[in-house]
Structures are given as structure tokens and as C-alpha cells.
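One structure is given here, and the rest of the page talks about it.
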Amino acid sequence: MIRWWVLSLQLAELFVSSLVHMLFGLYIFSSAVAGDLSQALNDCLFKANNTNVVVKEDVPKGTSTNVDSLPPIVLVHGIFGFGKGRLGGLSYFAGAEKKDERVLVPDLGSLTSIYDRARELFYYLKGGQVDYGEEHSKTCGHSQFGRVYEQGNYPEWDEDHPIHFVGHSAGAQVVRLLQQMLADKEFEGYENTSENWVLSITSLSGAFNGTTRTYLDGIQPEDGRTMKPVCLLQLLRIGVIIYDWFDIPWLKAYYNFGFDHFNMSWRKIGFRGLVDGLLGNSGPFASRDWILPDLTIQGSMQLNCHLNTFPNTYYFSYATKRTRKILGITVPSSILGIHPLLFIRVLQMSQWRHPPNVSPPYKGYRDEDWQDNDGALNTVFMTHPRLPIEHPSCFVENDSECQPLQPGIWYYKIVEADHVLFIINRERAGVQFDLIYDSIFERCRKHVFRKDPPTLPNEAHQ
């Protein structure tokens, strides 16, 4: 009787979680469509009413030159994210990219692995055809080559022209892996790459050490790779395979999960290939070459074994938290302050217990270390790389306390926010949105440099 009661609760939770995630996805999609339609209508009306009006902007002399001399700030999205050009005019970073004169927002695979996304990010910046590597491609069963960037978004990128990176969620780990690839000279035809191509890395709710949410969503805690037979991730897997199989051009141009190099279109694999994928015999979910296994504790530790914190790069991290302790018990810190998409997971993660019949993922593991969370990631493990080896770090309460910044150290803050407070919806974060992003951009422009500070555009004409 108890078993049936537990099963009923689990199925009810799966139904509610699936419904909430589906409704949120539809909300984002419909908001993007509505925004595009509204913009198109405004453009038509503006053109009709202002056919003879010519607007000439007064641009200060020398501004363009000085903007070009600034290192770009590259905003890297997280899981289910998108870059500029996807979902119409919707911004993953809620318009934060408008706060600086030189910001790039790449569109990477929203569900592809950390490895694949790091490769895509390199070619987005330098230009050329994405090369996932021969050995990796054969192992994972996909094409070696992917999207072609005819013109790189920062082709001059090198040690003398380094870049600031800001990564949200899994995007932070993507940047860390890219920096390691640069240090290891893993890009064929680019023998002069080095870790010094990266000037700074700022993490916003960064997925450095894995998250217990992956197990709640359906990854088996025994191995951190395979999925439970019935879970939220299985529903996601089926939906993604069908979406990619239908391969509707206009729809995929609007939003793409990033699995084009797996060739899952009906044009290439037919109906038999669809069945094969749904049965788990082929595709990214069969080879485990997708994002979720990389976000487990085991997967993150495996990645972190090969990732360094480099002595000439500046590191800063914002860890987010939506829990508190009452009488020694971790609970959600509020009800209205947590996004509906995340509330159930905040509660579940705050009560997380590692299965007693499964070996702990590392020596010294304690459940209580993983209970504070933001609905997607565990707070303490967002601050800096900790597993399997803890990297140099410094807790910051006030920015002025850590000036001047020293490279090779992870400075971190803990912010009261859920995992999506600083993306998609700017109004929801209010003044906190501006405080966070203003501090990030100011740090990049005024406190992080290897040479003399550059002249900012708004200072050029003074």
C-alpha cells in the first residue's frame, strides 16, 4: 500500500513538473512571437508615417575607433538558452548586452554537451567551420564538422586581443573548458592559442561542480549518465528527437536544440531512424553527448579533473540562493520570490538525500552541503571549482574590499536570487538586475586589464 502511495506521488510530481515546464516554454515562445509581430507592425507604421524623415545621429568623434579597441565581453547562455538571432527579438540576458558598447551574444546548442558548445564558441569568434574533432565525433556518433561562420565575430582574437567572458549556468563551465582547450592547443590550424586569450571569466550561477537537480529530473545517481525509465528527462528526450526529426526550417531557425551535427532529420534517417532514436539506440541521448550528464556531480568532477585556474586570468563568480534554515532545516526562503518554474525543485533540492544504497560521488560527501540552492544548482558549489580539487578562492562582501583584483583567484559573492532572476525577464529582478550587470561590466572595463587601462568611448570626447 505504501509503495503504491509513493508511486502515485511520484507520478503526480512528474505530471505537475512536466506541465509547468511545458507552459513556461510556450510562454517564452509566444512572447517572442508576439514581440516580433509587434515590432514588425511598428516598423510598418513608422515607415508609412516617416517616409521623408532622415535621422542623423550625433556620434562623438573618435568613438567608433575607441569602441573597436575595447576587448569584447562575450555573454554565454546556459541550458535551454539561445543567443542573438534566436527567438526573434527576445534576449536571453534580458537586454543586459545593451549596457556596453561591445558585447557579443553567441548562439550555441541549448542542449549539446559542454565539449561541443566550447568548440562552437571558438569558431563563432574566430570564424570557419565548427570542427568537433575526429576522435570525439567518432566516439559520439555525429558529424565531425558543423555550422560554418563565414566571418568570425572577433577574428583578431589572440593573446594580444583577449576577451572577457560572462557565463550563466552551464555557460560558465563552457568557457572554462574553452580556456583549457586554448591552453592545450586543441584547435587544428591554430597552433598559437593559449590560456591568455581569456582576460577574465565571470560566472553568474555557474555550474562548476554539478547539481543534485539532475538526479531529481531523472539521471541515475549510480552512474551520473543514464536515465530512469520514467522521468522528466525521458519526456524531454522524446520531444527533442521528434522536434529534430520533423526538421521544420522556419521553426528550427527560431529555436534549435543544437543537435544538427547528429543528423536526426527525417530527410537523412527516415522513419526507421526515428524509431531507433526513440528506442535509445542512436543519437545524443544514446551516446550521452548532451548537457545533462555533464551537469551531474560525477560528470562535473570528470570535467574538472582536466580544467585549471590560470595565473593570468581574472575570475569572479555570483552564486545564487533561494533557501534558508529554520530550526536547522533547509527550506525555501520565500514563496512569491521564487519563479513558479523552480519552486518545486527548490523544495526538493533543499531536502535532498543521497540514496543510501548508492556509493557517494566523492570522499567526504555530506547531504547538508548540497541543500542550499536556487532551484537549479546548489549554492555552495556555484562559488568556484571545488571538486575534485578546490581552486583558490576569496569570499567578497563588498567589491571595494578586493581591489585591486588579483588574477588566478576565484572571487565570489552569494546573492539572494533564484536561477533565472537575471535572465529573460528584466522587470522581475528590478534594481538588482542593474546592480549585478553594471558591476560586471564596470569590473571588465575598469579593474581587469593586463596593460594600461583603455580609454572608454564616453571619455574620448571629454
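Residue names in the C-alpha cells use chain letters A, B, ... in the order shown, residue numbers from 1 in each chain, and ligand numbers from 1 in the order shown.
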Those in segment 291-407 of chain A with alpha helix (DSSP H) from DSSP, as a list of chain:residue names: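 Here is the list: A:Ile291, A:Leu292, A:Pro293, A:Asp294, A:Ile297, A:Gln298, A:Gly299, A:Ser300, A:Met301, A:Gln302, A:Leu303, A:Asn304, A:Phe343, A:Ile344, A:Arg345, A:Val346, A:Leu347, A:Gln348, A:Met349, A:Ser350.
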Just-selected residues, N, CA, C and O atoms written as a compact mmCIF listing (two decimals), in the first residue's frame:
# COMPACT_ATOMS: atom_id res chain seq x y z
N ILE A 291 23.98 17.75 -22.59
CA ILE A 291 24.34 18.60 -21.46
C ILE A 291 24.12 17.97 -20.09
O ILE A 291 24.93 18.16 -19.16
N LEU A 292 23.05 17.20 -19.89
CA LEU A 292 22.71 16.74 -18.54
C LEU A 292 23.78 15.86 -17.89
O LEU A 292 24.10 16.06 -16.71
N PRO A 293 24.35 14.88 -18.59
CA PRO A 293 25.42 14.09 -17.94
C PRO A 293 26.60 14.95 -17.50
O PRO A 293 27.28 14.62 -16.52
N ASP A 294 26.85 16.06 -18.18
CA ASP A 294 27.94 16.96 -17.80
C ASP A 294 27.62 17.76 -16.53
O ASP A 294 28.51 18.33 -15.91
N ILE A 297 27.12 15.43 -10.61
CA ILE A 297 28.33 15.57 -9.79
C ILE A 297 29.46 14.76 -10.41
O ILE A 297 30.60 15.24 -10.54
N GLN A 298 29.15 13.53 -10.85
CA GLN A 298 30.18 12.68 -11.46
C GLN A 298 30.72 13.29 -12.74
O GLN A 298 31.94 13.32 -12.98
N GLY A 299 29.82 13.77 -13.60
CA GLY A 299 30.24 14.35 -14.88
C GLY A 299 31.07 15.61 -14.70
O GLY A 299 32.06 15.83 -15.41
N SER A 300 30.68 16.45 -13.73
CA SER A 300 31.43 17.68 -13.48
C SER A 300 32.82 17.38 -12.92
O SER A 300 33.80 18.03 -13.29
N MET A 301 32.90 16.40 -12.04
CA MET A 301 34.20 16.02 -11.49
C MET A 301 35.12 15.50 -12.59
O MET A 301 36.32 15.79 -12.60
N GLN A 302 34.55 14.74 -13.51
CA GLN A 302 35.34 14.21 -14.62
C GLN A 302 35.89 15.35 -15.48
O GLN A 302 37.05 15.33 -15.91
N LEU A 303 35.04 16.36 -15.73
CA LEU A 303 35.49 17.53 -16.49
C LEU A 303 36.55 18.31 -15.70
O LEU A 303 37.58 18.71 -16.25
N ASN A 304 36.28 18.53 -14.43
CA ASN A 304 37.15 19.38 -13.61
C ASN A 304 38.54 18.80 -13.42
O ASN A 304 39.48 19.54 -13.10
N PHE A 343 10.00 26.49 -8.09
CA PHE A 343 9.64 26.34 -6.68
C PHE A 343 9.68 24.89 -6.21
O PHE A 343 10.24 24.59 -5.14
N ILE A 344 9.11 23.98 -6.98
CA ILE A 344 9.11 22.57 -6.57
C ILE A 344 10.53 22.06 -6.42
O ILE A 344 10.86 21.36 -5.45
N ARG A 345 11.41 22.45 -7.37
CA ARG A 345 12.78 21.97 -7.31
C ARG A 345 13.56 22.61 -6.15
O ARG A 345 14.41 21.95 -5.55
N VAL A 346 13.28 23.86 -5.82
CA VAL A 346 13.92 24.46 -4.65
C VAL A 346 13.60 23.64 -3.41
O VAL A 346 14.48 23.33 -2.60
N LEU A 347 12.32 23.29 -3.26
CA LEU A 347 11.88 22.48 -2.11
C LEU A 347 12.53 21.10 -2.12
O LEU A 347 13.06 20.64 -1.10
N GLN A 348 12.51 20.44 -3.27
CA GLN A 348 13.08 19.09 -3.36
C GLN A 348 14.59 19.09 -3.12
O GLN A 348 15.11 18.23 -2.41
N MET A 349 15.29 20.06 -3.71
CA MET A 349 16.74 20.11 -3.55
C MET A 349 17.13 20.45 -2.11
O MET A 349 18.17 20.00 -1.61
N SER A 350 16.29 21.24 -1.43
CA SER A 350 16.59 21.59 -0.03
C SER A 350 16.44 20.38 0.90
O SER A 350 17.00 20.37 1.99
Members of segment 80-290 of chain A assigned strand (DSSP E) by DSSP, as a PyMOL selection string: chain A and resi 103-104+128-131+145-149+163-168+198-204
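From atom CA of Asp372 of chain A back to atom CA of Thr323 of chain A, the distance works out to 5.6 Å.
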Pick out the residues sitting within 10 Å of segment 215-232 of chain A, and hand them over as a PDB file with N, CA, C and O atoms, in the first residue's frame; count only C-alpha atoms, and ignore anything fewer than 3 positions along from it in its own chain.
ATOM      1  N   GLN A  10       4.911  10.241  -6.927  1.00  0.00           N
ATOM      2  CA  GLN A  10       5.950  10.463  -7.930  1.00  0.00           C
ATOM      3  C   GLN A  10       5.354  10.786  -9.291  1.00  0.00           C
ATOM      4  O   GLN A  10       5.844  11.676 -10.001  1.00  0.00           O
ATOM      5  N   LEU A  11       4.309  10.072  -9.673  1.00  0.00           N
ATOM      6  CA  LEU A  11       3.651  10.336 -10.951  1.00  0.00           C
ATOM      7  C   LEU A  11       2.975  11.705 -10.957  1.00  0.00           C
ATOM      8  O   LEU A  11       2.989  12.415 -11.966  1.00  0.00           O
ATOM      9  N   GLU A  13       3.944  14.296  -9.189  1.00  0.00           N
ATOM     10  CA  GLU A  13       5.023  15.279  -9.283  1.00  0.00           C
ATOM     11  C   GLU A  13       5.535  15.385 -10.716  1.00  0.00           C
ATOM     12  O   GLU A  13       5.810  16.485 -11.209  1.00  0.00           O
ATOM     13  N   LEU A  14       5.651  14.251 -11.397  1.00  0.00           N
ATOM     14  CA  LEU A  14       6.107  14.245 -12.789  1.00  0.00           C
ATOM     15  C   LEU A  14       5.118  14.996 -13.672  1.00  0.00           C
ATOM     16  O   LEU A  14       5.519  15.790 -14.538  1.00  0.00           O
ATOM     17  N   PHE A  15       3.836  14.778 -13.445  1.00  0.00           N
ATOM     18  CA  PHE A  15       2.815  15.457 -14.237  1.00  0.00           C
ATOM     19  C   PHE A  15       2.865  16.967 -14.025  1.00  0.00           C
ATOM     20  O   PHE A  15       2.860  17.746 -14.994  1.00  0.00           O
ATOM     21  N   SER A  17       5.411  18.814 -12.831  1.00  0.00           N
ATOM     22  CA  SER A  17       6.674  19.358 -13.347  1.00  0.00           C
ATOM     23  C   SER A  17       6.650  19.475 -14.863  1.00  0.00           C
ATOM     24  O   SER A  17       7.084  20.481 -15.437  1.00  0.00           O
ATOM     25  N   SER A  18       6.137  18.439 -15.528  1.00  0.00           N
ATOM     26  CA  SER A  18       6.063  18.456 -16.989  1.00  0.00           C
ATOM     27  C   SER A  18       5.160  19.579 -17.470  1.00  0.00           C
ATOM     28  O   SER A  18       5.491  20.301 -18.416  1.00  0.00           O
ATOM     29  N   HIS A  21       6.862  23.073 -16.898  1.00  0.00           N
ATOM     30  CA  HIS A  21       7.933  23.315 -17.862  1.00  0.00           C
ATOM     31  C   HIS A  21       7.381  23.552 -19.271  1.00  0.00           C
ATOM     32  O   HIS A  21       7.875  24.418 -20.000  1.00  0.00           O
ATOM     33  N   THR A 211      25.118  19.338 -10.048  1.00  0.00           N
ATOM     34  CA  THR A 211      23.925  19.690  -9.280  1.00  0.00           C
ATOM     35  C   THR A 211      23.098  18.450  -8.973  1.00  0.00           C
ATOM     36  O   THR A 211      22.997  17.528  -9.795  1.00  0.00           O
ATOM     37  N   THR A 212      22.486  18.439  -7.805  1.00  0.00           N
ATOM     38  CA  THR A 212      21.611  17.321  -7.418  1.00  0.00           C
ATOM     39  C   THR A 212      20.293  17.355  -8.197  1.00  0.00           C
ATOM     40  O   THR A 212      19.567  16.367  -8.204  1.00  0.00           O
ATOM     41  N   LEU A 235      10.762  12.454 -21.046  1.00  0.00           N
ATOM     42  CA  LEU A 235       9.790  13.220 -21.833  1.00  0.00           C
ATOM     43  C   LEU A 235      10.509  14.260 -22.691  1.00  0.00           C
ATOM     44  O   LEU A 235      10.153  14.476 -23.852  1.00  0.00           O
ATOM     45  N   LEU A 236      11.520  14.892 -22.113  1.00  0.00           N
ATOM     46  CA  LEU A 236      12.320  15.851 -22.873  1.00  0.00           C
ATOM     47  C   LEU A 236      13.012  15.167 -24.045  1.00  0.00           C
ATOM     48  O   LEU A 236      13.009  15.690 -25.172  1.00  0.00           O
ATOM     49  N   ARG A 237      13.600  14.025 -23.794  1.00  0.00           N
ATOM     50  CA  ARG A 237      14.309  13.278 -24.839  1.00  0.00           C
ATOM     51  C   ARG A 237      13.383  12.982 -26.014  1.00  0.00           C
ATOM     52  O   ARG A 237      13.743  13.213 -27.183  1.00  0.00           O
ATOM     53  N   PHE A 285      21.365  11.179 -27.002  1.00  0.00           N
ATOM     54  CA  PHE A 285      20.961  10.611 -25.721  1.00  0.00           C
ATOM     55  C   PHE A 285      21.484   9.189 -25.543  1.00  0.00           C
ATOM     56  O   PHE A 285      21.661   8.722 -24.422  1.00  0.00           O
ATOM     57  N   ALA A 286      21.744   8.523 -26.658  1.00  0.00           N
ATOM     58  CA  ALA A 286      22.329   7.181 -26.594  1.00  0.00           C
ATOM     59  C   ALA A 286      23.824   7.255 -26.311  1.00  0.00           C
ATOM     60  O   ALA A 286      24.364   6.458 -25.534  1.00  0.00           O
ATOM     61  N   SER A 287      24.511   8.224 -26.918  1.00  0.00           N
ATOM     62  CA  SER A 287      25.955   8.352 -26.728  1.00  0.00           C
ATOM     63  C   SER A 287      26.302   9.179 -25.491  1.00  0.00           C
ATOM     64  O   SER A 287      27.477   9.315 -25.144  1.00  0.00           O
ATOM     65  N   ARG A 288      25.273   9.745 -24.833  1.00  0.00           N
ATOM     66  CA  ARG A 288      25.444  10.603 -23.643  1.00  0.00           C
ATOM     67  C   ARG A 288      26.188  11.899 -23.972  1.00  0.00           C
ATOM     68  O   ARG A 288      26.736  12.538 -23.076  1.00  0.00           O
ATOM     69  N   ASP A 289      26.203  12.288 -25.249  1.00  0.00           N
ATOM     70  CA  ASP A 289      26.891  13.511 -25.643  1.00  0.00           C
ATOM     71  C   ASP A 289      25.894  14.670 -25.640  1.00  0.00           C
ATOM     72  O   ASP A 289      25.626  15.296 -26.664  1.00  0.00           O
ATOM     73  N   TRP A 290      25.364  14.940 -24.434  1.00  0.00           N
ATOM     74  CA  TRP A 290      24.464  16.076 -24.275  1.00  0.00           C
ATOM     75  C   TRP A 290      24.686  16.679 -22.902  1.00  0.00           C
ATOM     76  O   TRP A 290      25.506  16.196 -22.116  1.00  0.00           O
ATOM     77  N   LEU A 292      23.050  17.201 -19.888  1.00  0.00           N
ATOM     78  CA  LEU A 292      22.707  16.742 -18.539  1.00  0.00           C
ATOM     79  C   LEU A 292      23.779  15.858 -17.893  1.00  0.00           C
ATOM     80  O   LEU A 292      24.101  16.057 -16.715  1.00  0.00           O
ATOM     81  N   PRO A 293      24.354  14.875 -18.593  1.00  0.00           N
ATOM     82  CA  PRO A 293      25.417  14.092 -17.943  1.00  0.00           C
ATOM     83  C   PRO A 293      26.602  14.946 -17.499  1.00  0.00           C
ATOM     84  O   PRO A 293      27.276  14.620 -16.525  1.00  0.00           O
ATOM     85  N   ASP A 294      26.850  16.063 -18.180  1.00  0.00           N
ATOM     86  CA  ASP A 294      27.939  16.963 -17.795  1.00  0.00           C
ATOM     87  C   ASP A 294      27.617  17.755 -16.534  1.00  0.00           C
ATOM     88  O   ASP A 294      28.515  18.332 -15.912  1.00  0.00           O
ATOM     89  N   LEU A 295      26.333  17.816 -16.177  1.00  0.00           N
ATOM     90  CA  LEU A 295      25.914  18.609 -15.021  1.00  0.00           C
ATOM     91  C   LEU A 295      25.692  17.765 -13.772  1.00  0.00           C
ATOM     92  O   LEU A 295      25.301  18.294 -12.730  1.00  0.00           O
ATOM     93  N   THR A 296      25.907  16.464 -13.858  1.00  0.00           N
ATOM     94  CA  THR A 296      25.857  15.633 -12.656  1.00  0.00           C
ATOM     95  C   THR A 296      27.134  15.863 -11.849  1.00  0.00           C
ATOM     96  O   THR A 296      28.121  16.411 -12.357  1.00  0.00           O
ATOM     97  N   ILE A 297      27.116  15.429 -10.615  1.00  0.00           N
ATOM     98  CA  ILE A 297      28.332  15.569  -9.794  1.00  0.00           C
ATOM     99  C   ILE A 297      29.463  14.763 -10.414  1.00  0.00           C
ATOM    100  O   ILE A 297      30.600  15.243 -10.536  1.00  0.00           O
ATOM    101  N   GLN A 298      29.146  13.532 -10.850  1.00  0.00           N
ATOM    102  CA  GLN A 298      30.185  12.678 -11.460  1.00  0.00           C
ATOM    103  C   GLN A 298      30.723  13.290 -12.745  1.00  0.00           C
ATOM    104  O   GLN A 298      31.940  13.320 -12.983  1.00  0.00           O
ATOM    105  N   GLY A 299      29.816  13.775 -13.599  1.00  0.00           N
ATOM    106  CA  GLY A 299      30.237  14.351 -14.878  1.00  0.00           C
ATOM    107  C   GLY A 299      31.073  15.608 -14.699  1.00  0.00           C
ATOM    108  O   GLY A 299      32.057  15.828 -15.414  1.00  0.00           O
ATOM    109  N   SER A 300      30.682  16.448 -13.733  1.00  0.00           N
ATOM    110  CA  SER A 300      31.433  17.676 -13.485  1.00  0.00           C
ATOM    111  C   SER A 300      32.815  17.379 -12.919  1.00  0.00           C
ATOM    112  O   SER A 300      33.800  18.028 -13.287  1.00  0.00           O
ATOM    113  N   ARG A 345      11.407  22.446  -7.366  1.00  0.00           N
ATOM    114  CA  ARG A 345      12.780  21.970  -7.310  1.00  0.00           C
ATOM    115  C   ARG A 345      13.556  22.608  -6.145  1.00  0.00           C
ATOM    116  O   ARG A 345      14.411  21.951  -5.547  1.00  0.00           O
ATOM    117  N   GLN A 348      12.514  20.441  -3.268  1.00  0.00           N
ATOM    118  CA  GLN A 348      13.078  19.095  -3.358  1.00  0.00           C
ATOM    119  C   GLN A 348      14.588  19.093  -3.116  1.00  0.00           C
ATOM    120  O   GLN A 348      15.114  18.233  -2.408  1.00  0.00           O
ATOM    121  N   MET A 349      15.287  20.059  -3.713  1.00  0.00           N
ATOM    122  CA  MET A 349      16.743  20.112  -3.546  1.00  0.00           C
ATOM    123  C   MET A 349      17.132  20.450  -2.107  1.00  0.00           C
ATOM    124  O   MET A 349      18.167  20.003  -1.614  1.00  0.00           O
ATOM    125  N   TRP A 352      17.249  17.243  -0.197  1.00  0.00           N
ATOM    126  CA  TRP A 352      17.962  16.180  -0.904  1.00  0.00           C
ATOM    127  C   TRP A 352      18.684  15.222   0.040  1.00  0.00           C
ATOM    128  O   TRP A 352      19.346  15.634   0.988  1.00  0.00           O
ATOM    129  N   HIS A 354      21.135  11.738  -0.562  1.00  0.00           N
ATOM    130  CA  HIS A 354      21.739  10.803  -1.498  1.00  0.00           C
ATOM    131  C   HIS A 354      21.242   9.401  -1.182  1.00  0.00           C
ATOM    132  O   HIS A 354      21.179   9.010  -0.008  1.00  0.00           O
ATOM    133  N   PRO A 355      20.844   8.613  -2.207  1.00  0.00           N
ATOM    134  CA  PRO A 355      20.323   7.265  -1.955  1.00  0.00           C
ATOM    135  C   PRO A 355      21.284   6.448  -1.085  1.00  0.00           C
ATOM    136  O   PRO A 355      22.478   6.354  -1.403  1.00  0.00           O
ATOM    137  N   ASN A 357      21.688   3.354  -0.708  1.00  0.00           N
ATOM    138  CA  ASN A 357      22.219   2.140  -1.334  1.00  0.00           C
ATOM    139  C   ASN A 357      23.180   2.433  -2.477  1.00  0.00           C
ATOM    140  O   ASN A 357      23.616   1.532  -3.182  1.00  0.00           O
ATOM    141  N   VAL A 358      23.514   3.718  -2.680  1.00  0.00           N
ATOM    142  CA  VAL A 358      24.427   4.129  -3.756  1.00  0.00           C
ATOM    143  C   VAL A 358      25.673   4.754  -3.131  1.00  0.00           C
ATOM    144  O   VAL A 358      25.578   5.575  -2.215  1.00  0.00           O
ATOM    145  N   SER A 359      26.834   4.393  -3.639  1.00  0.00           N
ATOM    146  CA  SER A 359      28.081   4.952  -3.120  1.00  0.00           C
ATOM    147  C   SER A 359      28.101   6.458  -3.339  1.00  0.00           C
ATOM    148  O   SER A 359      27.703   6.948  -4.403  1.00  0.00           O
ATOM    149  N   PRO A 360      28.572   7.231  -2.356  1.00  0.00           N
ATOM    150  CA  PRO A 360      28.644   8.692  -2.527  1.00  0.00           C
ATOM    151  C   PRO A 360      29.586   9.049  -3.668  1.00  0.00           C
ATOM    152  O   PRO A 360      30.542   8.324  -3.952  1.00  0.00           O
ATOM    153  N   PRO A 361      29.339  10.187  -4.330  1.00  0.00           N
ATOM    154  CA  PRO A 361      30.126  10.540  -5.520  1.00  0.00           C
ATOM    155  C   PRO A 361      31.579  10.921  -5.219  1.00  0.00           C
ATOM    156  O   PRO A 361      32.410  10.913  -6.121  1.00  0.00           O
TER     157      PRO A 361
END
Near-Met264 of chain A list (12 Å; only C-alpha atoms; drop same-chain fewer than 4 positions) as a VMD selection string: chain A and resid 141 to 143 240 to 247 257 to 260 268 to 278 282 to 285
Counting only C-alpha atoms, what are the residues of segment 150-187 of chain A within 10 Å of segment 78-97 of chain A, and for each of them which pair of atoms is the nearest and at what distance in Å, to one decimal? Sort the table by chain and rising number, as CSV.
residue,atom,partner,partner_atom,distance
A:Gly167,CA,A:Gly78,CA,7.3
A:His168,CA,A:Gly78,CA,5.4
A:Ser169,CA,A:Gly78,CA,5.0
A:Ala170,CA,A:Gly78,CA,4.7
A:Gly171,CA,A:Gly78,CA,4.7
A:Ala172,CA,A:Gly78,CA,7.9
A:Gln173,CA,A:Gly78,CA,9.3
A:Val174,CA,A:Gly78,CA,8.9
Shell around Met382 of chain A at 10 Å using only C-alpha atoms, local window under 2 positions removed, as a ChimeraX atom specification: /A:169,172,203-211,317-321,373,377-380,384-386,412-414
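Atom pair atom CA of Val33 of chain A / atom CA of Lys252 of chain A: separated by 13.8 Å.
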